[in-house]
Amino acid sequence: MKLSSISLKLIKAPLKRPFKTHLGTVSDREVIIVEAMDEDGLVGYGEAVPFTSPWYTEETTKTCFHMLDDFLIPLTLASQIGHPDELPNLWSGIRRNAMAKSALEQAILDLYAKQKGVYLGRLFGGERSEVAAGVVIASNDIEDAMRQIEDFSGSGYQRYKIKINPQNDLDFLAEIRRAYPDIPLMADANSAYTLDDIPHLQKLDDFKLMMIEQPLGHDDIVEHSFLQKQLQTPICLDESINSFHDAKSALSLQSCGVINIKMAKVGGWMEAVRIHDLCLGNDVPVWCGGMIEFGISRAHNIALASLKGFTIPGDISSSSRYWDGDIIDPEVIVENGMIQVPDKAGIGFAINEKRLKELTTYSKLYK
Ligand code: OSB
Ligand code: MG
């Protein structure tokens, strides 16, 4: 395929409201936009979504920029690849750094799909014309959380995910169930519990949760297998799934009933699709996780969620959930709990160049 230059842009914007978990608070979001250009003026877009500190993954905005700047981009520009399929092999000498790889792979795949004139989701077998939307409530105040659920319900979200920890879980869930006995509800613990909490976690079985996400250690697969056998509520793994290999281990050990696939965290489209295919073949449902993302990442997620195995509404919410003005045009809109899957070439959304420029704090071009 033709690839003539690549650019990186650092962009930054405040969140409409702070995103709070027991691990900390996110109030401002900084990501790296990757642009892959060809000689005909086509541009493919990717978005690298680590945080500015390593609270959720070991990668940060700075390490990610460094990996792209010093290793991934020079290596990729120096070797004229024939097809994006060659990227995993080309980058195999660079260990981990999944988010850096994912963003560059996204940009190159978007460019490739635009060169072919085909929608990116279709390139990987995606068939859905719309995807079900879910939303995350991340607050440490129950009244604020209840207000958010009320606000979001206007868009008809098909799944609500509430951040929990051992201090607030019973109060939060009881209050939500009192007001909304039947809404599709799940809880994300972000590793707030240990195996000592089994009797406490068993109490959560009463709340009819769709699943509990990542109750135990962020890098654990074995203890979750033990815990799953003591809980009725299915476990969903998020932090523990960083590769196809992790997913295979989790399925063999029956550590979970559901997997949250985050393309960024597993190193990009190709690894995400391998995990999807594995889960589909084993009747394990998957959903598309979120990273408090801007529109380019959202567009890639919508394309991924158009694949057959994504049967549970994920973390893909409207652009306006987090932003006063997203960088894509049109923005992602949730109506009656659904998001329309575009059918234009590549990611299927245009870039809002004006907004992108407003948010850009630094940029660098590579030829
Ligand atoms: O654990 O799923 C998580 C956001 C940032 C880091 C970790 C997580 C999340 C979310 C998704 O919960 C929020 C979203 O993108 O809407
Ligand atoms: Mg999670």
# chains A, B, ... in the order shown; residues from 1 in each chain; ligands from 1

$ closest_atom_pairs --of "region 213-234 of chain A" --to "region 45-58 of chain A" --cutoff "12 Å" --atoms "only C-alpha atoms" --output "CSV"
residue,atom,partner,partner_atom,distance
A:Gly217,CA,A:Tyr56,CA,11.8
A:His218,CA,A:Tyr56,CA,8.7
A:Asp219,CA,A:Thr57,CA,10.4

$ write_last_selection --atoms "all heavy atoms" --output "tab-separated table (two decimals), in the first residue's frame"
chain	number	residue	atom	x	y	z
A	217	GLY	N	-7.38	-8.48	40.88
A	217	GLY	CA	-6.14	-7.86	40.39
A	217	GLY	C	-6.12	-7.54	38.90
A	217	GLY	O	-6.63	-8.28	38.08
A	218	HIS	N	-5.49	-6.43	38.57
A	218	HIS	CA	-5.48	-5.97	37.17
A	218	HIS	C	-4.74	-6.92	36.25
A	218	HIS	O	-4.96	-6.93	35.04
A	218	HIS	CB	-4.88	-4.56	37.08
A	218	HIS	CG	-3.40	-4.52	37.35
A	218	HIS	ND1	-2.47	-4.69	36.36
A	218	HIS	CD2	-2.72	-4.36	38.50
A	218	HIS	CE1	-1.26	-4.62	36.90
A	218	HIS	NE2	-1.39	-4.42	38.20
A	219	ASP	N	-3.84	-7.74	36.82
A	219	ASP	CA	-3.10	-8.66	35.95
A	219	ASP	C	-3.42	-10.12	36.28
A	219	ASP	O	-2.66	-11.02	35.95
A	219	ASP	CB	-1.59	-8.39	36.02
A	219	ASP	CG	-1.09	-8.40	37.45
A	219	ASP	OD1	-1.90	-8.63	38.38
A	219	ASP	OD2	0.12	-8.17	37.65

$ residues_near_ligand --ligand "ligand 2" --cutoff "8 Å" --atoms "only C-alpha atoms and all ligand atoms" --output "PyMOL selection string"
chain A and resi 188-190+213-214+237-239+260+289

$ write_last_selection --atoms "N, CA and C atoms" --output "short mmCIF file (atom, residue, chain, number, x, y, z; two decimals), in the first residue's frame"
data_model
loop_
_atom_site.label_atom_id
_atom_site.label_comp_id
_atom_site.auth_asym_id
_atom_site.auth_seq_id
_atom_site.Cartn_x
_atom_site.Cartn_y
_atom_site.Cartn_z
N ASP A 188 -18.48 -1.98 37.49
CA ASP A 188 -17.05 -2.11 37.17
C ASP A 188 -16.24 -1.77 38.42
N ALA A 189 -15.44 -2.74 38.88
CA ALA A 189 -14.72 -2.58 40.14
C ALA A 189 -13.29 -2.10 39.94
N ASN A 190 -12.77 -2.16 38.72
CA ASN A 190 -11.38 -1.76 38.47
C ASN A 190 -10.44 -2.30 39.56
N GLU A 213 -17.42 -6.32 36.38
CA GLU A 213 -16.20 -6.17 35.59
C GLU A 213 -14.98 -6.07 36.51
N GLN A 214 -13.97 -6.85 36.22
CA GLN A 214 -12.65 -6.81 36.85
C GLN A 214 -12.70 -6.59 38.36
N LEU A 237 -13.89 -9.68 32.22
CA LEU A 237 -12.50 -9.23 32.38
C LEU A 237 -12.22 -8.06 31.45
N ASP A 238 -11.52 -7.07 31.99
CA ASP A 238 -11.10 -5.88 31.24
C ASP A 238 -9.57 -5.75 31.35
N GLU A 239 -9.08 -5.24 32.48
CA GLU A 239 -7.64 -5.03 32.66
C GLU A 239 -6.81 -6.27 32.36
N ASN A 260 -14.50 -7.85 27.86
CA ASN A 260 -14.53 -6.46 27.39
C ASN A 260 -13.31 -6.30 26.48
N GLY A 289 -15.16 -1.94 24.92
CA GLY A 289 -14.87 -1.07 26.06
C GLY A 289 -14.49 0.34 25.61
#

$ residues_around --residues "Pro215 (chain A)" --least-positions-apart "3" --cutoff "8 Å" --atoms "only C-alpha atoms" --output "number ranges by chain"
A: 188-194, 212, 224, 235

$ write_last_selection --atoms "C-alpha atoms" --output "tab-separated table (two decimals), in the first residue's frame"
chain	number	residue	atom	x	y	z
A	188	ASP	CA	-17.05	-2.11	37.17
A	189	ALA	CA	-14.72	-2.58	40.14
A	190	ASN	CA	-11.38	-1.76	38.47
A	191	SER	CA	-9.64	-4.30	40.76
A	192	ALA	CA	-11.01	-2.92	44.04
A	193	TYR	CA	-11.46	-6.35	45.70
A	194	THR	CA	-9.41	-9.37	46.75
A	212	ILE	CA	-19.24	-7.53	37.39
A	224	HIS	CA	-10.84	-14.74	38.87
A	235	ILE	CA	-17.40	-11.90	35.69

$ closest_atom_pairs --of "region 285-330 of chain A" --to "region 24-37 of chain A" --cutoff "9 Å" --atoms "only C-alpha atoms" --output "tab-separated table"
residue	atom	partner	partner_atom	distance
A:Ile292	CA	A:Arg29	CA	7.9
A:Glu293	CA	A:Val31	CA	8.2
A:Phe294	CA	A:Val31	CA	8.3
A:Ile296	CA	A:Ile33	CA	8.2

$ residues_around --residues "Ile351 (chain A)" --least-positions-apart "6" --cutoff "8 Å" --atoms "only C-alpha atoms" --output "PyMOL selection string"
chain A and resi 327-329

$ residues_around --residues "region 127-139 of chain A" --least-positions-apart "5" --cutoff "8 Å" --atoms "only C-alpha atoms" --output "VMD selection string"
chain A and resid 18 to 21 121 to 122 144 to 145 148 to 149 152 157 to 163 302 305 to 308 312 to 317 334 337 to 342

$ write_last_selection --atoms "C-alpha atoms" --output "PDB file, in the first residue's frame"
ATOM      1  CA  PRO A  18     -14.884  14.672  36.226  1.00  0.00           C
ATOM      2  CA  PHE A  19     -14.641  10.877  35.841  1.00  0.00           C
ATOM      3  CA  LYS A  20     -14.130   9.397  39.324  1.00  0.00           C
ATOM      4  CA  THR A  21     -13.139   5.873  40.344  1.00  0.00           C
ATOM      5  CA  GLY A 121     -15.906  -2.342   9.719  1.00  0.00           C
ATOM      6  CA  ARG A 122     -16.798  -4.187   6.534  1.00  0.00           C
ATOM      7  CA  ASP A 144     -24.910  12.785  41.448  1.00  0.00           C
ATOM      8  CA  ALA A 145     -24.879   9.230  40.055  1.00  0.00           C
ATOM      9  CA  GLN A 148     -26.615  11.129  35.667  1.00  0.00           C
ATOM     10  CA  ILE A 149     -28.679   7.966  35.126  1.00  0.00           C
ATOM     11  CA  PHE A 152     -28.672   9.619  30.214  1.00  0.00           C
ATOM     12  CA  TYR A 157     -28.983   3.850  26.700  1.00  0.00           C
ATOM     13  CA  GLN A 158     -29.296   0.065  26.706  1.00  0.00           C
ATOM     14  CA  ARG A 159     -26.853  -0.592  29.512  1.00  0.00           C
ATOM     15  CA  TYR A 160     -25.655   1.396  32.533  1.00  0.00           C
ATOM     16  CA  LYS A 161     -22.290   0.680  34.095  1.00  0.00           C
ATOM     17  CA  ILE A 162     -21.573   1.995  37.562  1.00  0.00           C
ATOM     18  CA  LYS A 163     -18.091   2.215  39.077  1.00  0.00           C
ATOM     19  CA  ILE A 302     -18.220   1.659  16.291  1.00  0.00           C
ATOM     20  CA  ALA A 305     -18.662  -3.252  17.434  1.00  0.00           C
ATOM     21  CA  SER A 306     -20.343  -3.880  14.068  1.00  0.00           C
ATOM     22  CA  LEU A 307     -18.806  -7.388  14.151  1.00  0.00           C
ATOM     23  CA  LYS A 308     -21.107 -10.306  14.927  1.00  0.00           C
ATOM     24  CA  ILE A 312     -23.732  -6.768  24.523  1.00  0.00           C
ATOM     25  CA  PRO A 313     -24.016  -2.948  24.532  1.00  0.00           C
ATOM     26  CA  GLY A 314     -20.558  -1.560  25.293  1.00  0.00           C
ATOM     27  CA  ASP A 315     -19.076   1.707  26.572  1.00  0.00           C
ATOM     28  CA  ILE A 316     -19.713   3.537  23.287  1.00  0.00           C
ATOM     29  CA  SER A 317     -21.668   6.654  24.246  1.00  0.00           C
ATOM     30  CA  VAL A 334     -27.120   8.069  20.567  1.00  0.00           C
ATOM     31  CA  GLY A 337     -30.080   3.617  22.640  1.00  0.00           C
ATOM     32  CA  MET A 338     -28.599   3.050  19.193  1.00  0.00           C
ATOM     33  CA  ILE A 339     -25.709   4.472  17.161  1.00  0.00           C
ATOM     34  CA  GLN A 340     -25.902   4.332  13.369  1.00  0.00           C
ATOM     35  CA  VAL A 341     -22.935   2.574  11.757  1.00  0.00           C
ATOM     36  CA  PRO A 342     -21.688   4.709   8.849  1.00  0.00           C
TER      37      PRO A 342
END

$ atom_distance --atom1 "CA of Lys357 (chain A)" --atom2 "CA of Lys9 (chain A)"
9.4 Å

$ closest_residue --among "A:Phe65, A:Tyr362, A:Phe349, A:Trp323" --to "ligand 1" --atoms "only C-alpha atoms and all ligand atoms"
A:Trp323

$ select_by_dssp --residues "region 103-208 of chain A" --states "strand (DSSP E)" --output "list of chain:residue names"
A:Glu130, A:Val131, A:Ala132, A:Val135, A:Val136, A:Ile137, A:Tyr160, A:Lys161, A:Ile162, A:Lys163, A:Leu185, A:Met186, A:Ala187, A:Asp188

$ residues_around --residues "region 69-79 of chain A" --least-positions-apart "6" --cutoff "10 Å" --atoms "only C-alpha atoms" --output "ChimeraX atom specification"
/A:3-8,63,87,90-91,94,100-101,104,364-367

$ write_last_selection --atoms "C-alpha atoms" --output "short mmCIF file (atom, residue, chain, number, x, y, z; two decimals), in the first residue's frame"
data_model
loop_
_atom_site.label_atom_id
_atom_site.label_comp_id
_atom_site.auth_asym_id
_atom_site.auth_seq_id
_atom_site.Cartn_x
_atom_site.Cartn_y
_atom_site.Cartn_z
CA LEU A 3 2.11 5.54 2.64
CA SER A 4 4.03 8.79 2.22
CA SER A 5 4.08 10.52 5.61
CA ILE A 6 2.77 10.32 9.16
CA SER A 7 1.96 13.05 11.65
CA LEU A 8 1.34 13.12 15.40
CA THR A 63 5.72 6.87 26.75
CA LEU A 87 2.31 -4.68 10.58
CA LEU A 90 7.06 -5.68 11.27
CA TRP A 91 6.55 -4.53 14.86
CA ILE A 94 8.92 -4.06 19.86
CA ALA A 100 1.08 3.15 20.56
CA LYS A 101 0.76 0.23 18.11
CA LEU A 104 -0.65 3.71 14.27
CA LYS A 364 5.14 16.75 14.42
CA LEU A 365 5.46 15.49 10.84
CA TYR A 366 7.49 12.44 9.71
CA LYS A 367 8.44 11.70 6.08
#

$ select_by_dssp --residues "region 53-123 of chain A" --states "helix (DSSP H, G or I)" --output "count of residues only"
48
